[in-house]
$ cat input27.txt   # compact mmCIF, C-alpha atoms
# COMPACT_ATOMS: atom_id res chain seq x y z
CA MET U 802 -1.51 -26.49 5.21
CA THR U 803 1.25 -24.93 3.11
CA ILE U 804 0.02 -22.93 0.17
CA SER U 805 2.38 -23.06 -2.80
CA ARG U 806 3.55 -19.99 -4.63
CA LEU U 807 1.82 -19.35 -7.95
CA THR U 808 4.13 -19.12 -10.93
CA ILE U 809 4.40 -15.62 -12.34
CA PRO U 810 6.55 -15.23 -15.44
CA VAL U 811 7.93 -11.90 -16.43
CA VAL U 812 5.94 -10.38 -19.26
CA ALA U 813 6.36 -7.29 -21.38
CA LEU U 814 4.56 -4.06 -20.63
CA ALA U 815 4.35 -0.87 -22.69
CA LEU U 816 2.45 2.33 -22.05
CA ALA U 817 2.10 5.50 -24.09
CA LEU U 818 2.36 9.23 -23.95
CA ALA U 819 0.86 12.20 -25.66
CA GLY U 820 1.81 13.20 -29.17
CA CYS U 821 1.24 16.88 -28.40
CA ALA U 822 2.10 18.93 -25.36
CA THR U 823 -0.48 20.05 -22.78
CA THR U 824 -0.82 22.60 -20.07
CA THR U 825 -1.92 21.36 -16.65
CA GLU U 826 -5.40 22.78 -17.19
CA GLN U 827 -5.75 21.17 -20.62
CA ALA U 828 -4.61 17.80 -19.29
CA ALA U 829 -7.74 17.64 -17.14
CA ALA U 830 -9.99 17.84 -20.19
CA PRO U 831 -10.75 15.05 -22.68
CA GLY U 832 -8.32 14.88 -25.60
CA ALA U 833 -5.55 16.88 -23.94
CA ALA U 834 -3.75 19.21 -26.38
CA ALA U 835 -0.23 20.57 -26.59
CA ALA U 836 1.38 23.74 -25.28
CA ALA U 837 4.89 24.96 -24.55
CA GLY U 838 6.58 21.66 -25.41
CA LYS U 839 5.03 19.85 -22.42
CA THR U 840 3.23 16.53 -22.86
CA THR U 841 0.81 14.92 -20.43
CA ILE U 842 -0.47 11.40 -20.70
CA ARG U 843 -3.40 10.27 -18.58
CA ILE U 844 -3.53 6.66 -17.38
CA GLY U 845 -6.89 5.36 -16.14
CA SER U 846 -7.27 2.37 -13.84
CA PRO U 847 -10.30 1.16 -11.86
CA PHE U 848 -8.03 -0.17 -9.15
CA LYS U 849 -6.95 1.62 -6.01
CA PRO U 850 -3.35 2.48 -5.09
CA GLY U 851 -1.67 -0.65 -3.79
CA HIS U 852 -2.93 -2.84 -6.64
CA ILE U 853 -0.23 -4.23 -8.92
CA LEU U 854 -1.66 -2.49 -12.02
CA VAL U 855 -1.52 0.88 -10.29
CA ASP U 856 1.98 0.07 -9.03
CA THR U 857 2.98 -0.59 -12.64
CA ALA U 858 1.56 2.73 -13.81
CA GLU U 859 3.43 4.52 -11.03
CA LYS U 860 6.71 2.85 -12.03
CA PHE U 861 6.12 3.81 -15.64
CA LYS U 862 5.46 7.41 -14.59
CA GLU U 863 8.77 7.49 -12.70
CA LEU U 864 10.75 6.14 -15.66
CA VAL U 865 9.14 8.32 -18.34
CA GLU U 866 9.29 11.57 -16.40
CA THR U 867 12.92 10.98 -15.47
CA ARG U 868 14.08 9.98 -18.94
CA SER U 869 12.23 12.79 -20.67
CA GLY U 870 13.80 15.32 -18.35
CA GLY U 871 10.36 16.48 -17.29
CA ARG U 872 9.16 17.14 -20.83
CA ILE U 873 6.59 14.35 -20.40
CA ALA U 874 4.27 14.25 -17.39
CA VAL U 875 2.19 11.18 -16.51
CA ALA U 876 -1.08 11.60 -14.59
CA ILE U 877 -2.66 8.51 -12.99
CA ASP U 878 -6.38 8.34 -12.20
CA ALA U 879 -6.79 5.30 -9.94
CA GLY U 880 -9.96 3.93 -8.43
CA THR U 881 -12.45 6.59 -9.53
CA LYS U 882 -13.92 5.07 -12.70
CA ALA U 883 -15.23 1.62 -13.59
CA GLU U 884 -13.34 -0.71 -15.91
CA ILE U 885 -15.88 -0.38 -18.74
CA GLU U 886 -15.91 3.42 -18.59
CA ILE U 887 -12.12 3.63 -18.71
CA ASN U 888 -12.03 1.27 -21.68
CA LYS U 889 -14.53 3.41 -23.60
CA LEU U 890 -12.64 6.63 -22.81
CA ASN U 891 -9.38 5.08 -23.96
CA SER U 892 -10.93 3.80 -27.17
CA ALA U 893 -12.38 7.25 -27.90
CA GLY U 894 -9.05 8.98 -27.24
CA GLN U 895 -10.37 10.77 -24.14
CA LEU U 896 -7.79 8.86 -22.11
CA GLU U 897 -4.43 8.22 -23.69
CA MET U 898 -3.85 4.93 -21.86
CA GLN U 899 -5.38 2.38 -19.54
CA SER U 900 -3.93 0.01 -16.96
CA ASN U 901 -6.99 -2.14 -16.69
CA GLY U 902 -8.69 -5.48 -16.54
CA THR U 903 -9.64 -7.26 -19.74
CA ASN U 904 -12.95 -5.61 -20.69
CA PHE U 905 -11.19 -4.51 -23.90
CA LEU U 906 -11.45 -8.11 -25.14
CA GLU U 907 -15.12 -8.39 -24.29
CA ALA U 908 -15.87 -5.05 -25.96
CA TYR U 909 -13.71 -5.15 -29.10
CA ALA U 910 -12.79 -8.81 -29.65
CA PRO U 911 -15.69 -10.69 -28.00
CA PRO U 912 -15.08 -14.09 -29.69
CA TYR U 913 -11.68 -14.10 -27.93
CA TYR U 914 -12.95 -13.36 -24.44
CA PHE U 915 -12.29 -16.98 -23.50
CA PHE U 916 -8.81 -15.73 -22.50
CA THR U 917 -10.53 -14.34 -19.42
CA GLY U 918 -13.16 -17.05 -19.02
CA PRO U 919 -13.56 -18.87 -15.71
CA TYR U 920 -11.98 -22.33 -15.70
CA VAL U 921 -10.68 -22.03 -19.29
CA MET U 922 -6.92 -21.65 -18.77
CA LYS U 923 -4.76 -24.03 -16.74
CA ASP U 924 -2.22 -21.51 -15.45
CA PHE U 925 -0.38 -18.38 -16.54
CA ASP U 926 2.20 -20.27 -18.62
CA HIS U 927 -0.66 -21.84 -20.55
CA TYR U 928 -2.35 -18.45 -20.93
CA MET U 929 0.77 -16.88 -22.41
CA ARG U 930 1.39 -19.77 -24.82
CA VAL U 931 -2.06 -19.22 -26.28
CA TRP U 932 -1.83 -15.41 -26.16
CA ASN U 933 1.51 -15.37 -27.98
CA GLY U 934 0.18 -17.68 -30.65
CA LYS U 935 -2.31 -17.34 -33.49
CA LEU U 936 -5.37 -16.74 -31.32
CA GLY U 937 -3.73 -13.97 -29.33
CA ARG U 938 -2.49 -12.22 -32.47
CA GLU U 939 -5.99 -12.38 -33.92
CA ALA U 940 -7.47 -10.92 -30.76
CA GLN U 941 -5.04 -7.99 -30.78
CA ALA U 942 -5.81 -7.27 -34.43
CA GLU U 943 -9.53 -7.17 -33.63
CA MET U 944 -8.95 -4.70 -30.76
CA ALA U 945 -6.97 -2.40 -33.03
CA LYS U 946 -9.59 -2.56 -35.80
CA ASN U 947 -12.74 -2.30 -33.66
CA GLY U 948 -11.56 -0.26 -30.68
CA ASN U 949 -8.61 1.88 -31.86
CA LEU U 950 -6.58 0.19 -29.15
CA LEU U 951 -3.04 -1.12 -29.34
CA TYR U 952 -2.22 -3.83 -26.83
CA LEU U 953 1.16 -3.13 -25.30
CA GLY U 954 1.63 -5.64 -22.50
CA THR U 955 0.29 -8.28 -20.15
CA ILE U 956 0.62 -8.24 -16.37
CA TYR U 957 -0.17 -11.32 -14.33
CA ARG U 958 -2.35 -10.49 -11.35
CA GLY U 959 -2.65 -13.95 -9.86
CA GLN U 960 -5.34 -16.59 -9.79
CA ARG U 961 -8.78 -15.39 -8.74
CA TRP U 962 -10.05 -16.54 -5.35
CA THR U 963 -13.49 -16.29 -3.74
CA THR U 964 -14.32 -14.35 -0.56
CA ALA U 965 -17.33 -14.92 1.68
CA THR U 966 -18.65 -14.59 5.22
CA LYS U 967 -18.64 -18.38 5.61
CA PRO U 968 -16.48 -21.26 4.36
CA LEU U 969 -17.27 -22.66 0.91
CA TYR U 970 -16.08 -26.23 0.46
CA THR U 971 -18.36 -27.43 -2.34
CA PRO U 972 -20.79 -25.84 -4.80
CA ALA U 973 -23.59 -26.79 -2.40
CA ASP U 974 -22.16 -24.30 0.11
CA ALA U 975 -22.46 -21.55 -2.52
CA TYR U 976 -26.05 -22.33 -3.51
CA ASN U 977 -28.09 -19.10 -3.96
CA LEU U 978 -25.20 -17.08 -2.53
CA LYS U 979 -25.31 -13.46 -3.71
CA LEU U 980 -21.92 -13.35 -5.40
CA ARG U 981 -20.59 -9.97 -6.53
CA LEU U 982 -19.21 -10.20 -10.04
CA PRO U 983 -18.16 -7.62 -12.59
CA PRO U 984 -21.12 -7.07 -14.95
CA ILE U 985 -19.76 -9.65 -17.42
CA PRO U 986 -22.47 -11.96 -18.82
CA SER U 987 -20.15 -14.93 -19.47
CA TRP U 988 -18.82 -14.87 -15.91
CA MET U 989 -22.34 -14.67 -14.56
CA ALA U 990 -23.42 -17.63 -16.69
CA VAL U 991 -20.61 -19.80 -15.31
CA TRP U 992 -21.22 -18.86 -11.68
CA LYS U 993 -24.97 -19.31 -12.09
CA ALA U 994 -24.28 -22.84 -13.35
CA ILE U 995 -22.24 -23.45 -10.20
CA GLY U 996 -25.32 -22.46 -8.20
CA THR U 997 -24.71 -18.91 -7.00
CA ASP U 998 -27.00 -15.90 -7.47
CA PRO U 999 -24.68 -13.48 -9.33
CA VAL U 1000 -24.93 -9.74 -8.64
CA GLY U 1001 -23.32 -7.47 -11.24
CA VAL U 1002 -21.48 -4.61 -9.52
CA PRO U 1003 -18.81 -2.29 -11.03
CA LEU U 1004 -15.45 -2.47 -9.30
CA PRO U 1005 -15.56 0.94 -7.53
CA GLU U 1006 -18.74 -0.27 -5.76
CA LEU U 1007 -17.25 -3.61 -4.68
CA PHE U 1008 -16.64 -2.78 -1.01
CA GLY U 1009 -19.94 -0.94 -0.60
CA SER U 1010 -21.96 -3.79 -2.09
CA LEU U 1011 -20.48 -6.22 0.45
CA LYS U 1012 -20.86 -3.83 3.36
CA SER U 1013 -24.49 -3.07 2.54
CA GLY U 1014 -25.46 -6.68 1.96
CA LYS U 1015 -26.29 -6.17 -1.70
CA ALA U 1016 -23.74 -8.96 -2.19
CA GLN U 1017 -22.69 -11.63 0.30
CA ALA U 1018 -19.51 -12.81 -1.40
CA SER U 1019 -17.03 -11.79 -4.08
CA GLU U 1020 -14.21 -13.15 -6.19
CA GLY U 1021 -10.95 -11.61 -7.32
CA ASP U 1022 -7.19 -11.74 -7.30
CA LEU U 1023 -5.33 -11.26 -4.02
CA PRO U 1024 -4.16 -7.70 -4.86
CA GLN U 1025 -7.82 -6.78 -5.39
CA VAL U 1026 -8.92 -8.39 -2.12
CA SER U 1027 -6.11 -6.60 -0.29
CA SER U 1028 -6.30 -3.16 -1.90
CA PHE U 1029 -10.08 -2.97 -1.46
CA LYS U 1030 -9.71 -4.06 2.19
CA LEU U 1031 -12.27 -6.81 1.82
CA ASP U 1032 -11.07 -8.33 5.08
CA GLU U 1033 -13.20 -5.64 6.73
CA VAL U 1034 -16.41 -7.10 5.25
CA GLN U 1035 -15.49 -10.74 4.44
CA SER U 1036 -14.16 -13.39 6.81
CA HIS U 1037 -13.16 -16.28 4.53
CA LEU U 1038 -10.80 -16.55 1.56
CA ILE U 1039 -11.54 -19.59 -0.59
CA MET U 1040 -8.82 -20.91 -2.93
CA THR U 1041 -11.04 -21.64 -5.93
CA ASN U 1042 -8.30 -20.52 -8.39
CA HIS U 1043 -11.03 -20.38 -11.01
CA LEU U 1044 -9.48 -17.87 -13.40
CA VAL U 1045 -5.98 -16.90 -14.54
CA GLN U 1046 -6.20 -13.14 -14.07
CA THR U 1047 -4.22 -10.71 -16.14
CA GLY U 1048 -4.31 -7.00 -16.78
CA GLY U 1049 -3.50 -5.11 -19.93
CA LEU U 1050 -1.67 -1.92 -20.79
CA LEU U 1051 -3.26 -0.32 -23.84
CA ILE U 1052 -2.93 2.92 -25.76
CA ASN U 1053 -5.26 4.73 -28.10
CA LYS U 1054 -3.95 3.87 -31.57
CA PRO U 1055 -4.40 7.27 -33.29
CA PHE U 1056 -2.69 8.90 -30.32
CA PHE U 1057 0.21 6.45 -30.47
CA ASP U 1058 0.57 6.91 -34.23
CA ARG U 1059 1.13 10.66 -33.71
CA LEU U 1060 4.13 10.10 -31.46
CA SER U 1061 7.62 10.63 -32.79
CA LYS U 1062 9.66 7.48 -33.26
CA ALA U 1063 11.93 8.54 -30.40
CA ASP U 1064 8.98 8.93 -28.03
CA GLN U 1065 7.52 5.61 -29.11
CA ASN U 1066 10.84 3.94 -28.32
CA LEU U 1067 11.02 5.72 -24.95
CA VAL U 1068 7.52 4.54 -24.07
CA VAL U 1069 8.07 0.95 -25.15
CA GLN U 1070 11.35 0.64 -23.24
CA ALA U 1071 10.00 2.27 -20.09
CA GLY U 1072 6.91 0.09 -20.31
CA LYS U 1073 8.95 -3.09 -20.61
CA GLU U 1074 11.06 -2.16 -17.60
CA ALA U 1075 7.97 -1.22 -15.58
CA CYS U 1076 6.41 -4.56 -16.46
CA ASP U 1077 9.54 -6.52 -15.53
CA TRP U 1078 9.64 -4.65 -12.24
CA ALA U 1079 5.94 -5.28 -11.53
CA ASN U 1080 6.10 -8.98 -12.30
CA ASN U 1081 9.18 -9.45 -10.17
CA LYS U 1082 7.37 -7.64 -7.37
CA MET U 1083 4.29 -9.82 -7.80
CA LYS U 1084 6.36 -12.99 -7.91
CA ALA U 1085 8.21 -12.08 -4.75
CA GLY U 1086 5.18 -10.71 -2.93
CA GLU U 1087 2.16 -12.85 -3.80
CA ASN U 1088 2.51 -15.05 -0.75
CA GLU U 1089 2.87 -11.86 1.29
CA TYR U 1090 -0.54 -10.70 0.06
CA LEU U 1091 -1.98 -13.94 1.39
CA LEU U 1092 -0.13 -13.76 4.70
CA ASN U 1093 -1.21 -10.16 5.23
CA LEU U 1094 -4.85 -11.04 4.61
CA GLN U 1095 -4.52 -13.86 7.14
CA ARG U 1096 -2.92 -11.48 9.63
CA ARG U 1097 -5.87 -9.17 9.09
CA GLY U 1098 -8.20 -11.98 10.12
CA MET U 1099 -9.24 -13.79 6.95
CA GLN U 1100 -9.46 -17.57 7.18
CA VAL U 1101 -8.14 -19.55 4.19
CA VAL U 1102 -10.33 -22.38 2.91
CA ILE U 1103 -9.14 -25.13 0.55
CA PRO U 1104 -12.30 -26.21 -1.33
CA ASP U 1105 -13.06 -29.16 -3.58
CA ALA U 1106 -11.89 -27.30 -6.69
CA ASP U 1107 -12.71 -30.23 -8.97
CA ALA U 1108 -16.34 -30.14 -7.83
CA PHE U 1109 -16.60 -26.44 -8.69
CA ARG U 1110 -14.99 -27.06 -12.09
CA ALA U 1111 -17.39 -29.93 -12.86
CA LYS U 1112 -20.41 -27.72 -12.15
CA ALA U 1113 -18.98 -24.96 -14.35
CA LYS U 1114 -18.13 -27.21 -17.32
CA PRO U 1115 -21.53 -27.23 -19.11
CA ALA U 1116 -21.66 -23.42 -19.08
CA VAL U 1117 -18.10 -23.12 -20.39
CA ASP U 1118 -18.84 -25.65 -23.15
CA GLU U 1119 -21.91 -23.65 -24.16
CA LEU U 1120 -19.96 -20.38 -24.27
CA PHE U 1121 -17.43 -21.89 -26.69
CA LYS U 1122 -20.29 -23.03 -28.92
CA THR U 1123 -22.23 -19.76 -28.90
CA GLN U 1124 -19.85 -16.88 -28.13
CA TRP U 1125 -16.22 -18.02 -28.41
CA SER U 1126 -16.65 -20.00 -31.62
CA VAL U 1127 -13.30 -18.95 -33.16
CA THR U 1128 -11.85 -21.99 -31.41
CA THR U 1129 -12.77 -24.84 -29.09
CA TRP U 1130 -12.01 -25.47 -25.45
CA ALA U 1131 -10.20 -28.68 -26.46
CA ASP U 1132 -7.97 -26.73 -28.86
CA VAL U 1133 -7.13 -24.17 -26.17
CA LEU U 1134 -6.33 -26.86 -23.61
CA ALA U 1135 -4.07 -28.66 -26.10
CA GLN U 1136 -1.74 -25.67 -26.49

$ encode --input "input27.txt" --output "structure tokens"
Amino acid sequence: MTISRLTIPVVALALALAGCATTTEQAAAPGAAAAAGKTTIRIGSPFKPGHILVDTAEKFKELVETRSGGRIAVAIDAGTKAEIEINKLNSAGQLEMQSNGTNFLEAYAPPYYFFTGPYVMKDFDHYMRVWNGKLGREAQAEMAKNGNLLYLGTIYRGQRWTTATKPLYTPADAYNLKLRLPPIPSWMAVWKAIGTDPVGVPLPELFGSLKSGKAQASEGDLPQVSSFKLDEVQSHLIMTNHLVQTGGLLINKPFFDRLSKADQNLVVQAGKEACDWANNKMKAGENEYLLNLQRRGMQVVIPDADAFRAKAKPAVDELFKTQWSVTTWADVLAQ
């Protein structure tokens, strides 16, 4: 069966850099300070090298260091800290920037976390229409007010798939399956409604949880499946396409406010170009991720996606009533 390419529009990306210069030793400490006209910005990501969000950070590093003539250094910490930890460090100013998943919405704008809710969005075009509208602007204002975070860009990571050691065609096949999920209550509620037994595991522990048997299955975008080498511990790749996955580039607001106007412009322009580059790469290479995973032995399964969605619907409806009450699912779907 031919698997169609997912649509990946180009979106804007912006990262940030330090408002005061740092020595190499100082850059390793929280709240890096300035010395000798040298600036270091630290970018945290829970993903390993080879993931599109790390690729984006690396492209940004190349552009900023070149255009600043070496005055600005960018240090990338990839795959050593969990998503939630990185978000907290960035909010506190102990990391200048993050290239991360969307925990920032859950933490600092929780009524708007439906943007990253399973089965809520139709596709990435739909996601961006809503994000660029009133609801997205409100969410960004909440993140700035509650988390000291400025949202600088969206990167499409692909639809999320499911991995397992057996084929999953219907929700019945997933009944009581120990499914690794990020420790996100709303995601767990939806997958529990489908019939799985969710296991909350931070991203750095993803591979180990599957290898040890703590979890029997997982879900994630194709770059995640590939970069974490899940083909070594999972045999089947199930096209559930249950979530439109994005990543965000964010900067600590007080840190950004201290930048000179020239440096802010440099950062914004380099970020936009890095984002354009990353999305073009993702658009051209998403099918290659899939083909490589098949070459590495994973078997692709086309499930009854409507059956999974029907089982999830009551949980999604309840989340809009109790947690995401700034809008309704019907209003989101109408945009």

$ atom_distance --input "input27.txt" --atom1 "CA of Thr963 (chain U)" --atom2 "CA of Ile877 (chain U)"
28.6 Å

$ residues_around --input "input27.txt" --residues "Met1099 (chain U)" --least-positions-apart "2" --cutoff "8 Å" --atoms "all atoms listed in the file" --output "PyMOL selection string"
chain U and resi 1032+1035-1038+1094-1097+1101

$ residues_around --input "input27.txt" --residues "Glu1006 (chain U)" --least-positions-apart "2" --cutoff "12 Å" --atoms "all atoms listed in the file" --output "list in words"
Pro847, Phe848, Lys849, Gly880, Thr881, Lys882, Ala883, Glu884, Arg981, Leu982, Pro983, Pro984, Val1000, Gly1001, Val1002, Pro1003, Leu1004, Phe1008, Gly1009, Ser1010, Leu1011, Lys1012, Ser1013, Lys1015, Ala1016, Ser1019, Phe1029 and Leu1031 of chain U

$ atom_distance --input "input27.txt" --atom1 "CA of Pro919 (chain U)" --atom2 "CA of Met898 (chain U)"
26.4 Å

$ closest_residue --input "input27.txt" --among "U:Ile956, U:Leu1051, U:Gly1098, U:Ile985" --to "Glu1033 (chain U)" --atoms "all atoms listed in the file"
U:Gly1098

$ atom_distance --input "input27.txt" --atom1 "CA of Pro968 (chain U)" --atom2 "CA of Gly902 (chain U)"
27.3 Å
